[in-house]
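Colleague: Following this message is one structure expressed as structure tokens.
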Amino acid sequence: MTDIKVPAGVGWTAFTTARGRAQESLRADRLFDDRLAGVFLEEAIAAQARDGAEGLIVRPVHGEGISRLADIFSYYFMIRTPFYDERVVHAVRAGCGQVVLLGAGLDSRAFRLGLPAGVTVFEVDQGPVLEFKDAVLAKHDAVPTGRRVPVVADLRAGWPEALAAAGFDRAAPAIWVAEGLLPYLPAADCDRLLDTTAGMSAAGSRFTSEYFVRPPVESDAVDDSSSARDRATWRSVLDMLGTGPAAASPAAWLSAHGWVAGQVSSVTGEGQARGRPAPEAFARPGGMEVWLFDATSS
Ligand code: SAM
């Protein structure tokens, strides 16, 4: 059996988002059901216990108590998930036979959205993330509904070639999903990602993503009452962040890089619309906010 190892560095952030989805999936009034998220967490926690992990620890869904940081993470990842789910489902119904998850992490849409067998889901991420994911999926005999194609690549350079080698067809429409990715990239790489995806997109293609309205800072998520672990975790996340797009709003940015802006929403706006009001860190004036948006090929 393949050894299950938890990725370090930015790959570790995939566990924070999976944890938010696992927590939401346990609620009676859940907005979605991501059972694999809990499986990934359990396997990661077992691997870290076995290997004696230092530094960034994968936290269980239960037993950690409530904290400001935990509230922020849970809310953000719980709210954005259905926004992307709906876009993928609608795009596939409209004829996109390719779903490209840029920075796929532990995304389980290939398994849980009931995508038709003819749809290919390309999952682009770093080697250690996809190795962990593949090992856990194999161990649990998880079977995607469509065709799942992992693509190991660095999304700052060289990934279009890797995607083409994996079978991506530029002549056929695709939906590009960059969920939780852009904030980790420098602005120039974000611009290039938009230009490149636009250039690789057949008519009818779509793009959907997100970025922070302003750069997050330490006081957004921790304060003097926060645990040392929460403070260290948030510091690590802040240190991993790039600048994200250097654009004040998504619509102008998208149109400057080959895409036609569609819906521009926000995490708090989506939360209101779904009956889940934001916690204090998002709701207070000047607090954290994240654009969520989609676009179509021009
Ligand atoms: N999209 C997933 C989700 O929402 O659960 C994962 C989001 S996680 C916050 C960010 C992901 O982007 C990680 O899996 C990380 O490995 C990946 N990532 C960040 N920078 C990358 C790069 N330069 N090349 C490839 N993957 C990258």
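To be explicit about the labels: the chains of the structure tokens are called A, B, and onward in the order shown, and within each one the residues are counted from 1, while ligands get numbers from 1 in the order they are shown.
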Which residues are close to stretch 232-235 of chain A, i.e. within 12 Å by only C-alpha atoms, leaving aside same-chain residues fewer than 6 positions away? Reply as a PyMOL selection string.
Modeller: chain A and resi 9+12-13+16+55-59+68-70+72-73+216-223+226+241
Colleague: What's the 9 Å shell around A:Cys190, counting only C-alpha atoms, without same-chain residues fewer than 6 positions away, as a ChimeraX atom specification?
Modeller: /A:156,182-183,244-246
Colleague: As a VMD selection string, please: every protein or nucleic acid residue near ligand 1 (cut-off 6 Å, counting only C-alpha atoms and all ligand atoms).
Modeller: chain A and resid 10 to 11 13 to 14 17 to 18 103 to 107 125 to 126 129 153 to 156 179 to 181 184
Colleague: Find the spatial neighbours of A:Glu86, counting only C-alpha atoms, within a cut-off of 12 Å - ignore same-chain residues fewer than 5 positions away - and output them as number ranges by chain.
Modeller: A: 31-32, 80-81, 91-93, 109, 113, 115, 175, 177, 208, 294
Colleague: If you keep N, CA and C atoms, can you produce a file of those selected residues as an mmCIF file, in the first residue's frame?
Modeller:
```cif
data_model
loop_
_atom_site.group_PDB
_atom_site.id
_atom_site.type_symbol
_atom_site.label_atom_id
_atom_site.label_comp_id
_atom_site.auth_asym_id
_atom_site.auth_seq_id
_atom_site.Cartn_x
_atom_site.Cartn_y
_atom_site.Cartn_z
ATOM 1 N N LEU A 31 -25.311 22.640 3.817
ATOM 2 C CA LEU A 31 -25.490 23.208 2.491
ATOM 3 C C LEU A 31 -24.985 22.258 1.408
ATOM 4 N N PHE A 32 -24.194 21.253 1.809
ATOM 5 C CA PHE A 32 -23.656 20.257 0.867
ATOM 6 C C PHE A 32 -23.159 19.083 1.704
ATOM 7 N N ARG A 80 -18.260 29.257 0.483
ATOM 8 C CA ARG A 80 -17.842 29.296 -0.927
ATOM 9 C C ARG A 80 -18.119 27.987 -1.650
ATOM 10 N N THR A 81 -18.195 26.878 -0.915
ATOM 11 C CA THR A 81 -18.342 25.566 -1.569
ATOM 12 C C THR A 81 -19.576 25.493 -2.472
ATOM 13 N N ALA A 91 -22.312 24.611 -15.561
ATOM 14 C CA ALA A 91 -21.412 24.602 -16.721
ATOM 15 C C ALA A 91 -21.469 23.251 -17.431
ATOM 16 N N VAL A 92 -21.487 22.189 -16.663
ATOM 17 C CA VAL A 92 -21.541 20.847 -17.266
ATOM 18 C C VAL A 92 -22.864 20.671 -18.002
ATOM 19 N N ARG A 93 -23.952 21.128 -17.381
ATOM 20 C CA ARG A 93 -25.262 21.025 -18.060
ATOM 21 C C ARG A 93 -25.272 21.832 -19.350
ATOM 22 N N ARG A 109 -15.227 17.105 -5.895
ATOM 23 C CA ARG A 109 -16.360 17.305 -6.823
ATOM 24 C C ARG A 109 -16.460 16.178 -7.846
ATOM 25 N N LEU A 113 -20.592 15.354 -6.987
ATOM 26 C CA LEU A 113 -21.573 16.167 -7.718
ATOM 27 C C LEU A 113 -22.387 15.359 -8.716
ATOM 28 N N LEU A 115 -21.404 14.054 -11.513
ATOM 29 C CA LEU A 115 -21.085 14.475 -12.881
ATOM 30 C C LEU A 115 -21.192 13.274 -13.816
ATOM 31 N N ILE A 175 -14.792 24.395 -17.780
ATOM 32 C CA ILE A 175 -14.922 25.338 -16.669
ATOM 33 C C ILE A 175 -13.648 25.230 -15.838
ATOM 34 N N VAL A 177 -11.831 26.205 -12.411
ATOM 35 C CA VAL A 177 -12.198 26.517 -11.027
ATOM 36 C C VAL A 177 -10.915 26.783 -10.240
ATOM 37 N N THR A 208 -14.157 30.532 -12.766
ATOM 38 C CA THR A 208 -14.718 30.979 -11.488
ATOM 39 C C THR A 208 -13.640 30.945 -10.415
ATOM 40 N N ASP A 294 -17.632 34.777 -11.311
ATOM 41 C CA ASP A 294 -17.482 33.894 -12.467
ATOM 42 C C ASP A 294 -17.405 34.720 -13.738
#
```
Colleague: Please return as a PyMOL selection string: the residues of stretch 5-179 of chain A that backbone DSSP assigns to alpha helix (DSSP H).
Modeller: chain A and resi 13-25+35-51+68-93+109-112+127-139+159-165
